[in-house]
>>> print(open('coords.cif').read())   # mmCIF, C-alpha atoms
data_input
#
loop_
_atom_site.label_atom_id
_atom_site.label_comp_id
_atom_site.auth_asym_id
_atom_site.auth_seq_id
_atom_site.Cartn_x
_atom_site.Cartn_y
_atom_site.Cartn_z
CA MET A 483 12.48 15.92 -6.18
CA ASP A 484 14.56 15.54 -9.34
CA LEU A 485 13.57 11.88 -9.63
CA ILE A 486 9.87 12.69 -9.16
CA ALA A 487 10.07 15.41 -11.81
CA GLU A 488 11.82 13.04 -14.20
CA ARG A 489 9.31 10.21 -13.67
CA SER A 490 6.44 12.66 -14.04
CA SER A 491 7.91 13.96 -17.30
CA VAL A 492 7.96 17.53 -16.02
CA GLY A 493 10.76 19.92 -15.29
CA ILE A 494 11.91 20.56 -11.75
CA GLY A 495 10.63 24.13 -12.04
CA THR A 496 7.14 22.88 -12.87
CA LEU A 497 7.26 20.55 -9.90
CA TYR A 498 8.27 23.35 -7.53
CA ARG A 499 5.60 25.66 -8.96
CA ASN A 500 2.96 23.06 -8.10
CA PHE A 501 4.38 21.98 -4.75
CA ALA A 502 5.96 24.61 -2.54
CA SER A 503 7.79 22.04 -0.44
CA ARG A 504 8.81 18.41 -0.27
CA ALA A 505 6.30 17.89 2.57
CA GLU A 506 3.48 19.19 0.37
CA LEU A 507 4.48 16.84 -2.45
CA VAL A 508 4.76 13.84 -0.10
CA GLU A 509 1.31 14.57 1.30
CA GLU A 510 -0.15 14.80 -2.20
CA VAL A 511 1.42 11.50 -3.30
CA THR A 512 0.23 9.83 -0.08
CA VAL A 513 -3.33 11.10 -0.49
CA SER A 514 -3.34 10.13 -4.17
CA THR A 515 -2.21 6.59 -3.37
CA LEU A 516 -4.75 6.21 -0.57
CA GLN A 517 -7.42 7.46 -2.96
CA GLU A 518 -6.41 4.79 -5.48
CA ILE A 519 -6.74 2.13 -2.77
CA LEU A 520 -10.12 3.57 -1.78
CA ASP A 521 -11.32 3.62 -5.41
CA ALA A 522 -10.17 0.01 -5.95
CA SER A 523 -11.88 -1.03 -2.71
CA THR A 524 -15.13 0.68 -3.68
CA ALA A 525 -15.11 -0.97 -7.10
CA ALA A 526 -14.32 -4.41 -5.65
CA GLU A 527 -17.03 -4.06 -3.03
CA ALA A 528 -19.59 -3.23 -5.72
CA ARG A 529 -18.65 -6.25 -7.84
CA LEU A 530 -17.72 -8.92 -5.31
CA ASN A 531 -21.19 -10.35 -4.68
CA GLU A 532 -21.70 -11.03 -8.38
CA GLU A 533 -18.17 -11.58 -9.66
CA HIS A 534 -15.75 -13.50 -7.47
CA ASP A 535 -12.86 -12.70 -9.80
CA ALA A 536 -13.22 -9.13 -8.47
CA TRP A 537 -11.22 -10.30 -5.43
CA THR A 538 -8.26 -11.40 -7.56
CA GLU A 539 -8.46 -8.22 -9.61
CA TYR A 540 -8.54 -6.16 -6.40
CA LEU A 541 -5.39 -7.85 -5.12
CA GLU A 542 -3.70 -7.29 -8.49
CA ILE A 543 -4.55 -3.58 -8.32
CA LEU A 544 -3.17 -3.29 -4.79
CA VAL A 545 0.03 -5.07 -5.82
CA GLY A 546 0.26 -2.88 -8.93
CA LEU A 547 0.21 0.25 -6.78
CA ASN A 548 3.65 -0.74 -5.46
CA ILE A 549 2.70 0.27 -1.95
CA GLY A 550 5.98 -1.07 -0.59
CA ALA A 551 8.17 0.91 -2.96
CA LEU A 552 6.14 4.01 -2.32
CA SER A 553 6.19 3.67 1.45
CA GLU A 554 9.94 3.13 1.38
CA ALA A 555 10.44 6.22 -0.76
CA LEU A 556 8.07 8.39 1.27
CA GLY A 557 8.61 6.93 4.72
CA ALA A 558 11.44 9.21 5.76
CA ALA A 559 9.76 12.25 4.22
CA LEU A 560 6.40 11.87 5.97
CA PRO A 561 6.03 14.18 8.95
CA LEU A 562 5.72 12.64 12.42
CA THR A 563 2.22 14.09 12.69
CA LEU A 564 0.00 13.40 9.71
CA SER A 565 -2.40 16.07 8.50
CA ASP A 566 -6.14 15.75 9.04
CA ARG A 567 -6.44 15.31 5.27
CA VAL A 568 -4.17 12.25 5.28
CA LEU A 569 -5.70 10.82 8.45
CA GLY A 570 -9.23 11.23 7.08
CA ILE A 571 -8.62 9.36 3.84
CA GLN A 572 -6.50 6.78 5.69
CA ARG A 573 -9.44 5.96 8.00
CA GLU A 574 -11.86 5.86 5.07
CA CYS A 575 -9.47 3.60 3.19
CA ALA A 576 -9.10 1.22 6.17
CA ARG A 577 -12.88 0.88 6.47
CA ALA A 578 -13.23 0.20 2.73
CA VAL A 579 -10.47 -2.45 2.73
CA SER A 580 -12.14 -4.13 5.71
CA ARG A 581 -15.51 -4.20 3.93
CA VAL A 582 -13.97 -5.82 0.84
CA LEU A 583 -12.15 -8.33 3.01
CA ASP A 584 -15.36 -9.19 4.87
CA LEU A 585 -17.13 -9.82 1.56
CA ALA A 586 -14.26 -11.98 0.33
CA LYS A 587 -14.45 -14.00 3.55
CA ARG A 588 -18.20 -14.41 3.17
CA HIS A 589 -17.59 -15.88 -0.30
CA GLU A 590 -14.74 -18.05 1.04
CA LEU A 591 -12.19 -16.37 -1.22
CA VAL A 592 -9.75 -15.55 1.55
CA ARG A 593 -8.69 -17.08 4.85
CA GLU A 594 -10.87 -16.11 7.82
CA ASP A 595 -8.04 -14.95 10.08
CA LEU A 596 -6.72 -12.23 7.73
CA ASN A 597 -7.45 -8.62 8.67
CA GLY A 598 -7.16 -5.42 6.66
CA VAL A 599 -3.96 -4.20 8.29
CA GLU A 600 -2.29 -7.56 7.60
CA LEU A 601 -3.49 -7.52 3.99
CA VAL A 602 -2.12 -4.06 3.20
CA THR A 603 1.06 -4.59 5.25
CA ALA A 604 1.79 -7.91 3.52
CA ILE A 605 1.29 -6.36 0.09
CA GLY A 606 3.51 -3.48 1.13
CA ALA A 607 6.23 -5.85 2.33
CA ALA A 608 6.04 -7.98 -0.82
CA THR A 609 6.29 -4.95 -3.10
CA ARG A 610 9.27 -3.30 -1.38
CA PRO A 611 12.20 -2.99 -3.74
CA LEU A 612 14.65 -5.86 -3.48
CA PRO A 613 18.36 -5.16 -3.06
CA ARG A 614 20.14 -4.86 -6.39
CA ALA A 615 22.03 -8.14 -5.90
CA PHE A 616 18.74 -10.04 -5.65
CA ARG A 617 17.20 -8.22 -8.61
CA ASP A 618 20.28 -8.91 -10.74
CA GLN A 619 20.60 -12.59 -9.81
CA ALA A 620 16.91 -13.46 -9.73
CA PRO A 621 14.92 -10.95 -11.81
CA HIS A 622 11.62 -12.80 -11.26
CA LEU A 623 12.05 -13.17 -7.51
CA GLN A 624 9.79 -10.28 -6.56
CA SER A 625 6.85 -11.49 -8.64
CA ARG A 626 7.37 -14.99 -7.21
CA LEU A 627 7.33 -13.61 -3.65
CA VAL A 628 4.17 -11.65 -4.40
CA GLN A 629 2.49 -14.80 -5.75
CA LEU A 630 3.50 -16.81 -2.67
CA MET A 631 2.02 -14.09 -0.48
CA LEU A 632 -1.22 -14.00 -2.48
CA ASP A 633 -1.46 -17.79 -2.29
CA GLY A 634 -1.08 -17.52 1.47
CA PHE A 635 -4.23 -15.39 1.61
CA LYS A 636 -6.33 -18.21 0.17
CA PRO A 637 -8.60 -20.17 2.54
CA HIS A 638 -6.77 -23.46 1.92
CA ALA A 639 -3.52 -21.92 3.20
CA MET A 640 -4.95 -21.77 6.71
CA MET A 641 -5.86 -25.47 6.64
CA ALA A 642 -2.40 -26.41 5.42
CA SER A 643 -0.73 -24.61 8.32
CA ALA A 644 -3.06 -26.07 10.97
#
>>> encode(input="coords.cif", output="structure tokens")
Amino acid sequence: MDLIAERSSVGIGTLYRNFASRAELVEEVTVSTLQEILDASTAAEARLNEEHDAWTEYLEILVGLNIGALSEALGAALPLTLSDRVLGIQRECARAVSRVLDLAKRHELVREDLNGVELVTAIGAATRPLPRAFRDQAPHLQSRLVQLMLDGFKPHAMMASA
């Protein structure tokens, strides 16, 4: 909670006045992140038929959300049973990601065998924080791994592995 308050540039008292418990804060951060994914998906879906660079921009937004770092930080704090609020936006988000992915496939911007769960999971895995030793020895390693993953989504990657 101290770290969240610090990164939010608010005092711990302000944080506790707005969120009665850690569970409440975790739910709010989860919903907020899912909403950002949903908003990015909606925007990409609206633009993708006319602007194929919308796919690349969409991926950049998803990577920029640091889903992996967030899921690692929140994973232990999430309750075993998610609230209806979280489940509702999670389902909506999954449908929106799938629609964007279907459009990208139709325009041959992404490999045919990629599904929405794989897309989000791969981005999450690639954006998980690296151990300090890796960060210290190879400061650009994470961005390189993200780029390799994004390249693997491209349609030509499937042909190369066949």
>>> atom_distance(input="coords.cif", atom1="CA of Lys587 in chain A", atom2="CA of Ile571 in chain A")
24.1 Å
>>> resolve_selection(input="coords.cif", expression="the PyMOL selection byres ((chain A and resi 506-516) around 7)", output="JSON, numbers by chain")
{"A": [501, 502, 503, 504, 505, 517, 518, 519, 520, 556, 559, 560, 568, 571, 572, 575]}
>>> write_last_selection(input="coords.cif", atoms="C-alpha atoms", output="compact mmCIF listing (two decimals), in the coordinates of the input")
# COMPACT_ATOMS: atom_id res chain seq x y z
CA PHE A 501 4.38 21.98 -4.75
CA ALA A 502 5.96 24.61 -2.54
CA SER A 503 7.79 22.04 -0.44
CA ARG A 504 8.81 18.41 -0.27
CA ALA A 505 6.30 17.89 2.57
CA GLN A 517 -7.42 7.46 -2.96
CA GLU A 518 -6.41 4.79 -5.48
CA ILE A 519 -6.74 2.13 -2.77
CA LEU A 520 -10.12 3.57 -1.78
CA LEU A 556 8.07 8.39 1.27
CA ALA A 559 9.76 12.25 4.22
CA LEU A 560 6.40 11.87 5.97
CA VAL A 568 -4.17 12.25 5.28
CA ILE A 571 -8.62 9.36 3.84
CA GLN A 572 -6.50 6.78 5.69
CA CYS A 575 -9.47 3.60 3.19
>>> resolve_selection(input="coords.cif", expression="the PyMOL selection byres ((chain A and resi 541-549) around 7)", output="list in words")
Ile519, Trp537, Thr538, Glu539, Tyr540, Gly550, Ala551, Leu552, Ser553, Ile605, Gly606 and Thr609 of chain A
>>> residues_around(input="coords.cif", residues="Ala578 in chain A", least_positions_apart="3", cutoff="9 Å", atoms="all atoms listed in the file", output="count of residues only")
11
>>> closest_residue(input="coords.cif", among="A:Val628, A:Leu564, A:Val579, A:Val599", to="Asp521 in chain A", atoms="all atoms listed in the file")
A:Val579
>>> atom_distance(input="coords.cif", atom1="CA of Ser580 in chain A", atom2="CA of Gly598 in chain A")
5.2 Å
>>> closest_residue(input="coords.cif", among="A:Gly570, A:Asn531, A:Asn597, A:Ala608", to="Ser625 in chain A", atoms="only C-alpha atoms")
A:Ala608
>>> atom_distance(input="coords.cif", atom1="CA of Leu627 in chain A", atom2="CA of Glu554 in chain A")
17.7 Å
